[in-house]
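Below is upload_1.cif, holding mmCIF, C-alpha atoms.
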data_input
#
loop_
_atom_site.group_PDB
_atom_site.id
_atom_site.type_symbol
_atom_site.label_atom_id
_atom_site.label_comp_id
_atom_site.auth_asym_id
_atom_site.auth_seq_id
_atom_site.Cartn_x
_atom_site.Cartn_y
_atom_site.Cartn_z
ATOM 1 C CA MET A 63 -122.346 293.082 -47.023
ATOM 2 C CA ASP A 64 -124.296 291.840 -43.970
ATOM 3 C CA PHE A 65 -123.333 288.255 -44.820
ATOM 4 C CA LEU A 66 -119.668 289.152 -45.430
ATOM 5 C CA MET A 67 -119.337 291.087 -42.166
ATOM 6 C CA SER A 68 -121.021 288.269 -40.241
ATOM 7 C CA GLY A 69 -118.679 285.642 -41.696
ATOM 8 C CA LEU A 70 -115.569 287.729 -41.033
ATOM 9 C CA ALA A 71 -116.651 288.377 -37.431
ATOM 10 C CA ALA A 72 -117.065 284.632 -36.790
ATOM 11 C CA CYS A 73 -113.696 283.813 -38.390
ATOM 12 C CA GLY A 74 -111.974 286.413 -36.222
ATOM 13 C CA ALA A 75 -113.405 284.761 -33.109
ATOM 14 C CA CYS A 76 -112.545 281.256 -34.376
ATOM 15 C CA VAL A 77 -108.802 281.937 -34.627
ATOM 16 C CA PHE A 78 -108.702 282.587 -30.874
ATOM 17 C CA THR A 79 -111.096 279.839 -29.766
ATOM 18 C CA ASN A 80 -110.190 276.869 -32.019
ATOM 19 C CA PRO A 81 -107.763 275.350 -29.440
ATOM 20 C CA LEU A 82 -110.673 275.240 -26.993
ATOM 21 C CA GLU A 83 -112.770 273.538 -29.671
ATOM 22 C CA VAL A 84 -110.093 270.824 -29.955
ATOM 23 C CA VAL A 85 -110.131 270.330 -26.174
ATOM 24 C CA LYS A 86 -113.931 270.342 -26.048
ATOM 25 C CA THR A 87 -114.234 267.745 -28.828
ATOM 26 C CA ARG A 88 -111.859 265.335 -27.127
ATOM 27 C CA MET A 89 -113.444 265.721 -23.703
ATOM 28 C CA GLN A 90 -116.879 265.039 -25.206
ATOM 29 C CA LEU A 91 -115.613 261.821 -26.829
ATOM 30 C CA GLN A 92 -113.733 260.630 -23.731
ATOM 31 C CA GLY A 93 -115.373 257.621 -22.078
ATOM 32 C CA GLU A 94 -118.010 257.382 -24.810
ATOM 33 C CA LEU A 95 -120.856 255.058 -23.675
ATOM 34 C CA LYS A 96 -118.830 253.865 -20.668
ATOM 35 C CA ALA A 97 -119.868 254.139 -17.038
ATOM 36 C CA PRO A 98 -117.955 256.710 -14.957
ATOM 37 C CA GLY A 99 -114.802 255.222 -13.412
ATOM 38 C CA THR A 100 -114.475 252.368 -15.933
ATOM 39 C CA TYR A 101 -112.144 254.104 -18.384
ATOM 40 C CA GLN A 102 -108.857 255.970 -18.322
ATOM 41 C CA ARG A 103 -109.328 259.733 -18.220
ATOM 42 C CA HIS A 104 -106.663 261.201 -20.481
ATOM 43 C CA TYR A 105 -108.151 264.677 -19.994
ATOM 44 C CA ARG A 106 -109.098 265.471 -16.389
ATOM 45 C CA ASN A 107 -110.129 269.081 -17.018
ATOM 46 C CA VAL A 108 -109.647 271.881 -19.523
ATOM 47 C CA PHE A 109 -106.205 272.893 -18.305
ATOM 48 C CA HIS A 110 -104.953 269.312 -18.023
ATOM 49 C CA ALA A 111 -106.248 268.654 -21.560
ATOM 50 C CA PHE A 112 -104.303 271.632 -22.914
ATOM 51 C CA PHE A 113 -101.141 270.406 -21.231
ATOM 52 C CA THR A 114 -101.625 266.782 -22.329
ATOM 53 C CA ILE A 115 -102.355 267.602 -25.978
ATOM 54 C CA GLY A 116 -99.443 270.025 -26.165
ATOM 55 C CA LYS A 117 -97.059 267.513 -24.548
ATOM 56 C CA VAL A 118 -98.057 264.376 -26.485
ATOM 57 C CA ASP A 119 -99.349 265.664 -29.831
ATOM 58 C CA GLY A 120 -97.348 268.898 -29.934
ATOM 59 C CA LEU A 121 -98.471 272.519 -29.616
ATOM 60 C CA ALA A 122 -99.564 272.626 -33.280
ATOM 61 C CA ALA A 123 -102.220 270.000 -32.457
ATOM 62 C CA LEU A 124 -104.095 272.635 -30.458
ATOM 63 C CA GLN A 125 -104.982 274.259 -33.786
ATOM 64 C CA LYS A 126 -106.070 271.011 -35.476
ATOM 65 C CA GLY A 127 -108.968 271.465 -37.853
ATOM 66 C CA LEU A 128 -108.439 275.228 -38.102
ATOM 67 C CA ALA A 129 -109.020 275.351 -41.885
ATOM 68 C CA PRO A 130 -112.436 273.618 -41.808
ATOM 69 C CA ALA A 131 -113.288 275.500 -38.603
ATOM 70 C CA LEU A 132 -112.717 278.853 -40.341
ATOM 71 C CA LEU A 133 -114.617 277.789 -43.451
ATOM 72 C CA TYR A 134 -117.512 276.475 -41.355
ATOM 73 C CA GLN A 135 -117.672 279.660 -39.304
ATOM 74 C CA PHE A 136 -117.672 281.794 -42.446
ATOM 75 C CA LEU A 137 -120.437 279.748 -44.090
ATOM 76 C CA MET A 138 -122.551 279.034 -41.031
ATOM 77 C CA ASN A 139 -122.346 282.371 -39.255
ATOM 78 C CA GLY A 140 -122.207 284.380 -42.468
ATOM 79 C CA ILE A 141 -125.645 282.992 -43.277
ATOM 80 C CA ARG A 142 -126.903 282.893 -39.675
ATOM 81 C CA LEU A 143 -125.872 286.342 -38.472
ATOM 82 C CA GLY A 144 -126.352 287.890 -41.925
ATOM 83 C CA THR A 145 -129.947 286.641 -42.175
ATOM 84 C CA TYR A 146 -130.673 287.667 -38.594
ATOM 85 C CA GLY A 147 -129.104 291.083 -39.166
ATOM 86 C CA LEU A 148 -131.315 291.682 -42.216
ATOM 87 C CA ALA A 149 -134.433 290.682 -40.270
ATOM 88 C CA GLU A 150 -133.406 292.996 -37.432
ATOM 89 C CA SER A 151 -132.561 295.986 -39.640
ATOM 90 C CA ARG A 152 -135.909 295.717 -41.460
ATOM 91 C CA GLY A 153 -137.870 295.699 -38.219
ATOM 92 C CA TYR A 154 -139.209 292.140 -38.416
ATOM 93 C CA LEU A 155 -138.074 291.406 -34.840
ATOM 94 C CA ARG A 156 -140.096 294.213 -33.260
ATOM 95 C CA THR A 157 -143.796 294.600 -32.540
ATOM 96 C CA ASP A 158 -145.970 297.318 -34.061
ATOM 97 C CA GLU A 159 -145.136 299.426 -30.999
ATOM 98 C CA GLY A 160 -141.414 299.129 -31.754
ATOM 99 C CA ILE A 161 -140.702 296.816 -28.792
ATOM 100 C CA HIS A 162 -138.204 293.978 -29.260
ATOM 101 C CA SER A 163 -139.976 290.599 -29.453
ATOM 102 C CA PRO A 164 -138.045 287.706 -27.810
ATOM 103 C CA ILE A 165 -140.296 285.160 -29.564
ATOM 104 C CA ARG A 166 -139.648 286.593 -33.031
ATOM 105 C CA SER A 167 -135.964 286.923 -32.206
ATOM 106 C CA ALA A 168 -135.697 283.291 -31.068
ATOM 107 C CA ALA A 169 -137.588 282.049 -34.136
ATOM 108 C CA ALA A 170 -135.431 284.112 -36.513
ATOM 109 C CA GLY A 171 -132.253 282.938 -34.774
ATOM 110 C CA ALA A 172 -133.314 279.297 -34.986
ATOM 111 C CA LEU A 173 -134.295 279.511 -38.669
ATOM 112 C CA ALA A 174 -131.114 281.355 -39.621
ATOM 113 C CA GLY A 175 -129.041 278.838 -37.660
ATOM 114 C CA VAL A 176 -130.641 275.849 -39.390
ATOM 115 C CA MET A 177 -129.904 277.288 -42.832
ATOM 116 C CA GLY A 178 -126.256 277.932 -42.050
ATOM 117 C CA ALA A 179 -125.624 274.694 -40.159
ATOM 118 C CA TYR A 180 -127.136 272.421 -42.800
ATOM 119 C CA LEU A 181 -125.090 273.985 -45.582
ATOM 120 C CA GLY A 182 -121.877 273.758 -43.547
ATOM 121 C CA SER A 183 -122.509 270.265 -42.115
ATOM 122 C CA PRO A 184 -119.885 268.391 -44.230
ATOM 123 C CA ILE A 185 -117.237 270.897 -43.146
ATOM 124 C CA TYR A 186 -118.238 270.519 -39.491
ATOM 125 C CA MET A 187 -118.035 266.723 -39.738
ATOM 126 C CA VAL A 188 -114.498 266.854 -41.161
ATOM 127 C CA LYS A 189 -113.495 269.414 -38.518
ATOM 128 C CA THR A 190 -114.666 266.999 -35.799
ATOM 129 C CA HIS A 191 -112.734 264.088 -37.357
ATOM 130 C CA LEU A 192 -109.516 266.114 -37.591
ATOM 131 C CA GLN A 193 -109.762 267.533 -34.061
ATOM 132 C CA ALA A 194 -110.327 264.057 -32.576
ATOM 133 C CA GLN A 195 -107.192 262.637 -34.237
ATOM 134 C CA ALA A 196 -104.478 262.000 -31.663
ATOM 135 C CA LYS A 197 -101.577 259.725 -30.864
ATOM 136 C CA SER A 198 -102.694 256.332 -29.567
ATOM 137 C CA GLU A 199 -101.748 257.000 -25.932
ATOM 138 C CA ILE A 200 -104.291 259.861 -25.601
ATOM 139 C CA ALA A 201 -106.770 258.938 -28.364
ATOM 140 C CA VAL A 202 -110.508 259.058 -27.594
ATOM 141 C CA GLY A 203 -113.471 258.165 -29.778
ATOM 142 C CA HIS A 204 -113.222 256.688 -33.265
ATOM 143 C CA GLN A 205 -109.993 257.668 -35.036
ATOM 144 C CA TYR A 206 -110.233 258.679 -38.681
ATOM 145 C CA LYS A 207 -106.968 258.955 -40.604
ATOM 146 C CA HIS A 208 -107.587 262.062 -42.696
ATOM 147 C CA GLN A 209 -104.626 264.019 -44.025
ATOM 148 C CA GLY A 210 -106.497 267.301 -44.331
ATOM 149 C CA MET A 211 -109.835 268.930 -45.115
ATOM 150 C CA PHE A 212 -109.896 268.494 -48.906
ATOM 151 C CA GLN A 213 -108.583 264.917 -48.752
ATOM 152 C CA ALA A 214 -111.237 264.054 -46.172
ATOM 153 C CA LEU A 215 -114.098 265.582 -48.174
ATOM 154 C CA THR A 216 -112.903 263.837 -51.342
ATOM 155 C CA GLU A 217 -112.531 260.454 -49.614
ATOM 156 C CA ILE A 218 -115.947 260.598 -47.933
ATOM 157 C CA GLY A 219 -117.590 261.796 -51.148
ATOM 158 C CA GLN A 220 -116.019 259.007 -53.212
ATOM 159 C CA LYS A 221 -116.934 256.298 -50.680
ATOM 160 C CA HIS A 222 -120.431 257.382 -49.682
ATOM 161 C CA GLY A 223 -121.553 260.095 -52.112
ATOM 162 C CA LEU A 224 -123.440 263.266 -51.164
ATOM 163 C CA VAL A 225 -125.453 261.360 -48.540
ATOM 164 C CA GLY A 226 -122.210 260.486 -46.769
ATOM 165 C CA LEU A 227 -121.054 264.100 -46.773
ATOM 166 C CA TRP A 228 -124.249 265.178 -45.038
ATOM 167 C CA ARG A 229 -124.233 262.298 -42.525
ATOM 168 C CA GLY A 230 -125.276 263.604 -39.124
ATOM 169 C CA ALA A 231 -126.581 266.883 -40.566
ATOM 170 C CA VAL A 232 -130.159 266.394 -39.358
ATOM 171 C CA GLY A 233 -128.940 265.196 -35.960
ATOM 172 C CA GLY A 234 -126.772 268.281 -35.648
ATOM 173 C CA LEU A 235 -129.635 270.713 -36.289
ATOM 174 C CA PRO A 236 -131.168 270.652 -32.750
ATOM 175 C CA ARG A 237 -127.774 271.798 -31.418
ATOM 176 C CA VAL A 238 -127.848 274.812 -33.713
ATOM 177 C CA VAL A 239 -131.556 275.568 -33.229
ATOM 178 C CA VAL A 240 -131.164 275.667 -29.442
ATOM 179 C CA GLY A 241 -127.814 277.476 -29.519
ATOM 180 C CA SER A 242 -128.660 280.034 -32.194
ATOM 181 C CA SER A 243 -132.093 280.975 -30.872
ATOM 182 C CA THR A 244 -130.757 281.251 -27.301
ATOM 183 C CA GLN A 245 -127.709 283.256 -28.367
ATOM 184 C CA LEU A 246 -129.392 285.825 -30.581
ATOM 185 C CA CYS A 247 -132.489 286.187 -28.433
ATOM 186 C CA THR A 248 -130.539 286.800 -25.197
ATOM 187 C CA PHE A 249 -128.031 289.049 -26.992
ATOM 188 C CA SER A 250 -130.704 291.315 -28.490
ATOM 189 C CA SER A 251 -132.850 291.365 -25.341
ATOM 190 C CA THR A 252 -129.910 292.120 -23.031
ATOM 191 C CA LYS A 253 -128.640 294.812 -25.371
ATOM 192 C CA ASP A 254 -132.049 296.500 -25.374
ATOM 193 C CA LEU A 255 -132.279 296.327 -21.572
ATOM 194 C CA LEU A 256 -128.805 297.810 -21.081
ATOM 195 C CA SER A 257 -129.610 300.635 -23.484
ATOM 196 C CA GLU A 258 -132.935 301.238 -21.742
ATOM 197 C CA TRP A 259 -131.311 301.324 -18.312
ATOM 198 C CA GLU A 260 -128.558 303.635 -19.634
ATOM 199 C CA ILE A 261 -125.841 301.746 -17.756
ATOM 200 C CA PHE A 262 -123.332 302.621 -20.491
ATOM 201 C CA PRO A 263 -123.135 305.673 -22.776
ATOM 202 C CA PRO A 264 -125.258 305.457 -25.978
ATOM 203 C CA GLN A 265 -123.563 303.477 -28.815
ATOM 204 C CA SER A 266 -120.798 302.336 -26.426
ATOM 205 C CA TRP A 267 -118.985 299.116 -27.369
ATOM 206 C CA LYS A 268 -119.465 298.051 -23.735
ATOM 207 C CA VAL A 269 -123.181 297.458 -24.380
ATOM 208 C CA ALA A 270 -122.441 294.824 -27.044
ATOM 209 C CA LEU A 271 -119.691 293.263 -24.914
ATOM 210 C CA ALA A 272 -121.874 292.933 -21.798
ATOM 211 C CA ALA A 273 -124.801 291.539 -23.824
ATOM 212 C CA ALA A 274 -122.502 288.992 -25.473
ATOM 213 C CA MET A 275 -121.191 287.838 -22.055
ATOM 214 C CA VAL A 276 -124.742 287.168 -20.825
ATOM 215 C CA SER A 277 -125.546 285.397 -24.086
ATOM 216 C CA GLY A 278 -122.469 283.154 -23.765
ATOM 217 C CA ILE A 279 -123.610 281.752 -20.392
ATOM 218 C CA ALA A 280 -127.126 281.057 -21.674
ATOM 219 C CA VAL A 281 -125.855 279.305 -24.799
ATOM 220 C CA VAL A 282 -123.547 276.910 -22.942
ATOM 221 C CA LEU A 283 -126.235 275.818 -20.472
ATOM 222 C CA ALA A 284 -128.828 275.240 -23.190
ATOM 223 C CA MET A 285 -126.680 273.732 -25.931
ATOM 224 C CA THR A 286 -124.099 271.427 -24.290
ATOM 225 C CA PRO A 287 -126.176 268.169 -24.267
ATOM 226 C CA PHE A 288 -126.986 268.619 -27.955
ATOM 227 C CA ASP A 289 -123.365 269.541 -28.668
ATOM 228 C CA VAL A 290 -122.093 266.330 -27.034
ATOM 229 C CA ALA A 291 -124.587 264.224 -29.013
ATOM 230 C CA SER A 292 -123.760 266.048 -32.255
ATOM 231 C CA THR A 293 -119.997 265.533 -31.821
ATOM 232 C CA ARG A 294 -120.541 261.804 -31.285
ATOM 233 C CA LEU A 295 -122.910 261.485 -34.250
ATOM 234 C CA TYR A 296 -120.381 263.080 -36.577
ATOM 235 C CA ASN A 297 -117.419 261.109 -35.227
ATOM 236 C CA GLN A 298 -118.957 257.615 -34.974
ATOM 237 C CA PRO A 299 -117.589 254.850 -37.240
ATOM 238 C CA THR A 300 -119.654 253.903 -40.289
ATOM 239 C CA ASP A 301 -120.368 250.786 -42.324
ATOM 240 C CA THR A 302 -119.645 250.413 -46.043
ATOM 241 C CA HIS A 303 -122.850 252.304 -46.843
ATOM 242 C CA GLY A 304 -121.926 255.283 -44.660
ATOM 243 C CA LYS A 305 -124.447 254.429 -41.937
ATOM 244 C CA GLY A 306 -123.437 255.120 -38.338
ATOM 245 C CA LEU A 307 -122.623 252.047 -36.250
ATOM 246 C CA MET A 308 -123.249 253.477 -32.778
ATOM 247 C CA TYR A 309 -126.220 255.858 -32.935
ATOM 248 C CA ARG A 310 -129.408 256.001 -35.013
ATOM 249 C CA GLY A 311 -129.897 259.721 -34.489
ATOM 250 C CA ILE A 312 -129.773 262.635 -32.056
ATOM 251 C CA LEU A 313 -132.416 261.218 -29.669
ATOM 252 C CA ASP A 314 -130.713 257.812 -29.586
ATOM 253 C CA ALA A 315 -127.354 259.476 -28.877
ATOM 254 C CA LEU A 316 -128.838 261.492 -25.991
ATOM 255 C CA LEU A 317 -130.624 258.472 -24.500
ATOM 256 C CA GLN A 318 -127.631 256.145 -24.765
ATOM 257 C CA THR A 319 -125.325 258.766 -23.250
ATOM 258 C CA ALA A 320 -127.677 259.458 -20.329
ATOM 259 C CA ARG A 321 -128.330 255.758 -19.689
ATOM 260 C CA LYS A 322 -124.709 254.588 -19.759
ATOM 261 C CA GLU A 323 -122.833 257.679 -18.538
ATOM 262 C CA GLY A 324 -125.458 259.306 -16.329
ATOM 263 C CA PHE A 325 -127.050 262.738 -16.545
ATOM 264 C CA PHE A 326 -123.703 264.506 -16.313
ATOM 265 C CA GLY A 327 -122.454 262.495 -19.279
ATOM 266 C CA MET A 328 -124.546 264.839 -21.419
ATOM 267 C CA TYR A 329 -122.597 267.757 -19.970
ATOM 268 C CA LYS A 330 -119.124 266.358 -20.637
ATOM 269 C CA GLY A 331 -116.714 269.086 -21.558
ATOM 270 C CA ILE A 332 -119.008 271.856 -20.298
ATOM 271 C CA GLY A 333 -115.989 273.693 -18.872
ATOM 272 C CA ALA A 334 -114.247 273.565 -22.230
ATOM 273 C CA SER A 335 -117.552 274.465 -23.901
ATOM 274 C CA TYR A 336 -117.857 277.625 -21.824
ATOM 275 C CA PHE A 337 -114.213 278.604 -22.216
ATOM 276 C CA ARG A 338 -114.704 278.108 -25.959
ATOM 277 C CA LEU A 339 -118.321 279.179 -26.503
ATOM 278 C CA GLY A 340 -118.179 282.035 -24.026
ATOM 279 C CA PRO A 341 -115.257 283.864 -25.673
ATOM 280 C CA HIS A 342 -116.423 282.801 -29.153
ATOM 281 C CA THR A 343 -119.902 284.185 -28.529
ATOM 282 C CA ILE A 344 -118.495 287.354 -27.001
ATOM 283 C CA LEU A 345 -115.927 287.920 -29.750
ATOM 284 C CA SER A 346 -118.138 287.019 -32.723
ATOM 285 C CA LEU A 347 -121.137 289.060 -31.555
ATOM 286 C CA PHE A 348 -118.904 291.947 -30.522
ATOM 287 C CA PHE A 349 -117.036 291.946 -33.875
ATOM 288 C CA TRP A 350 -120.351 291.586 -35.724
ATOM 289 C CA ASP A 351 -121.970 294.473 -33.862
ATOM 290 C CA GLN A 352 -118.960 296.754 -34.305
ATOM 291 C CA LEU A 353 -118.510 295.943 -38.016
ATOM 292 C CA ARG A 354 -122.167 296.762 -38.626
ATOM 293 C CA PHE A 355 -121.824 299.989 -36.646
ATOM 294 C CA PHE A 356 -118.758 301.129 -38.577
ATOM 295 C CA TYR A 357 -120.289 300.131 -41.894
ATOM 296 C CA SER A 358 -123.494 302.051 -41.227
ATOM 297 C CA THR A 359 -121.512 305.048 -39.942
ATOM 298 C CA TYR A 360 -119.099 305.373 -42.872
ATOM 299 C CA THR A 361 -121.503 304.499 -45.709
ATOM 300 C CA LYS A 362 -124.123 307.116 -44.923
#
Encoded form (structure tokens):
Amino acid sequence: MDFLMSGLAACGACVFTNPLEVVKTRMQLQGELKAPGTYQRHYRNVFHAFFTIGKVDGLAALQKGLAPALLYQFLMNGIRLGTYGLAESRGYLRTDEGIHSPIRSAAAGALAGVMGAYLGSPIYMVKTHLQAQAKSEIAVGHQYKHQGMFQALTEIGQKHGLVGLWRGAVGGLPRVVVGSSTQLCTFSSTKDLLSEWEIFPPQSWKVALAAAMVSGIAVVLAMTPFDVASTRLYNQPTDTHGKGLMYRGILDALLQTARKEGFFGMYKGIGASYFRLGPHTILSLFFWDQLRFFYSTYTK
């Protein structure tokens, strides 16, 4: 039940934040490995990107990749939050004195995130391909011509086998390790502090909401460089053997991006990342916390 509630909470958040994921993906691919000022900026900021995508590709394009996004969220966060929730409920994240341990929390969040992300990696790759697809006048990054999630998975599997389906999986893990450990550690620690300070009434939904807002800021600052590199690893063109033609791995992607686009190239799309990750973190953790509360209340 922990895994089911965690997956449902993440899917609920995804429905609202997927358009921001589309915007974020395109902004991260814009001007890939090009010096600032040497390329046409189709997307000047988050709001301009929304307007441009809606005008050129149509409003439906803002929900591109929704099916794989929902499936990925259910798999990844079902495992991640479910595993973390079990560790928390059994007291593994607290010291012998009953005090919350940030180190144990970060380690549990990272381990749970790795498990979920690796399993869902093929779905995340297809989601990235679909969300990057655009009409030629506003296209950025490599353009795959998938017709949908199942067609894409079948095509990649037939061409490159299981190895091709998990291309970029290892490179995508640092993104999840940093993001998951930061998110769950700051969420649990902030929640404990707010309860200790008695700012809100005991068991109030406001405690979970405030803790999730703090967690959202921390996640975006820590994870964005790895998120940019991960998006590019998944979306890069491949040779006949399924090997990436632009990057050798996550470190190479980070170094090439920093060298050719500058330090801020690693933070491309950070506005879209916050507008997406912030609400997604807040909604998913809030839904997760409330579902667990209601389940424990009505199953006693």
Hey, what comes out of the PyMOL selection byres ((chain A and resi 166-170) around 8) on this file? Could you write it as a count of residues only?
-> 19
One-decimal distance in Å that lies between atom CA of A:Leu95 and atom CA of A:Trp228 |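 The value is 23.9 Å.
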To one decimal place, how far is atom CA of A:Leu133 from atom CA of A:Gln193 in Å?
-> 14.7 Å
Given all atoms listed in the file, how would the per-residue table for stretch 174-274 of chain A near stretch 346-362 of chain A read, listing every residue at most 12 Å away with its closest atom pair and distance in Å to one decimal, sorted by chain and number, as JSON lines?
{"residue": "A:Ser242", "atom": "CA", "partner": "A:Leu347", "partner_atom": "CA", "distance": 11.8}
{"residue": "A:Gln245", "atom": "CA", "partner": "A:Leu347", "partner_atom": "CA", "distance": 9.3}
{"residue": "A:Leu246", "atom": "CA", "partner": "A:Leu347", "partner_atom": "CA", "distance": 8.9}
{"residue": "A:Thr248", "atom": "CA", "partner": "A:Leu347", "partner_atom": "CA", "distance": 11.6}
{"residue": "A:Phe249", "atom": "CA", "partner": "A:Leu347", "partner_atom": "CA", "distance": 8.3}
{"residue": "A:Ser250", "atom": "CA", "partner": "A:Leu347", "partner_atom": "CA", "distance": 10.3}
{"residue": "A:Lys253", "atom": "CA", "partner": "A:Asp351", "partner_atom": "CA", "distance": 10.8}
{"residue": "A:Gln265", "atom": "CA", "partner": "A:Phe355", "partner_atom": "CA", "distance": 8.7}
{"residue": "A:Ser266", "atom": "CA", "partner": "A:Gln352", "partner_atom": "CA", "distance": 9.8}
{"residue": "A:Trp267", "atom": "CA", "partner": "A:Gln352", "partner_atom": "CA", "distance": 7.3}
{"residue": "A:Lys268", "atom": "CA", "partner": "A:Phe348", "partner_atom": "CA", "distance": 9.1}
{"residue": "A:Val269", "atom": "CA", "partner": "A:Phe348", "partner_atom": "CA", "distance": 9.3}
{"residue": "A:Ala270", "atom": "CA", "partner": "A:Phe348", "partner_atom": "CA", "distance": 5.7}
{"residue": "A:Leu271", "atom": "CA", "partner": "A:Phe348", "partner_atom": "CA", "distance": 5.8}
{"residue": "A:Ala272", "atom": "CA", "partner": "A:Phe348", "partner_atom": "CA", "distance": 9.3}
{"residue": "A:Ala273", "atom": "CA", "partner": "A:Leu347", "partner_atom": "CA", "distance": 8.9}
{"residue": "A:Ala274", "atom": "CA", "partner": "A:Leu347", "partner_atom": "CA", "distance": 6.2}
Selection near A:His208, 12 Å with all atoms listed in the file, sequence-local residues under 3 positions removed, as a list in words = Lys126, Gly127, Met187, Val188, Lys189, Thr190, His191, Leu192, Gln193, Ala194, Gln195, Ala196, Gln205, Met211, Phe212, Gln213, Ala214, Leu215, Thr216, Glu217 and Ile218 of chain A
Proximity check stretch 74-93 of chain A to stretch 281-305 of chain A, 9 Å, nearest pairs one decimal Å, all atoms listed in the file, as JSON lines:
{"residue": "A:Thr87", "atom": "CA", "partner": "A:Thr293", "partner_atom": "CA", "distance": 6.9}
{"residue": "A:Gln90", "atom": "CA", "partner": "A:Val290", "partner_atom": "CA", "distance": 5.7}
{"residue": "A:Leu91", "atom": "CA", "partner": "A:Arg294", "partner_atom": "CA", "distance": 6.6}
Starting from 3 Å padding per side, set up an axis-aligned box that covers all listed atoms of stretch 230-234 of chain A and hand over centre and edge lengths in Å, one decimal, as JSON.
{"center_x": -127.7, "center_y": 265.9, "center_z": -38.1, "size_x": 10.9, "size_y": 10.7, "size_z": 10.9}
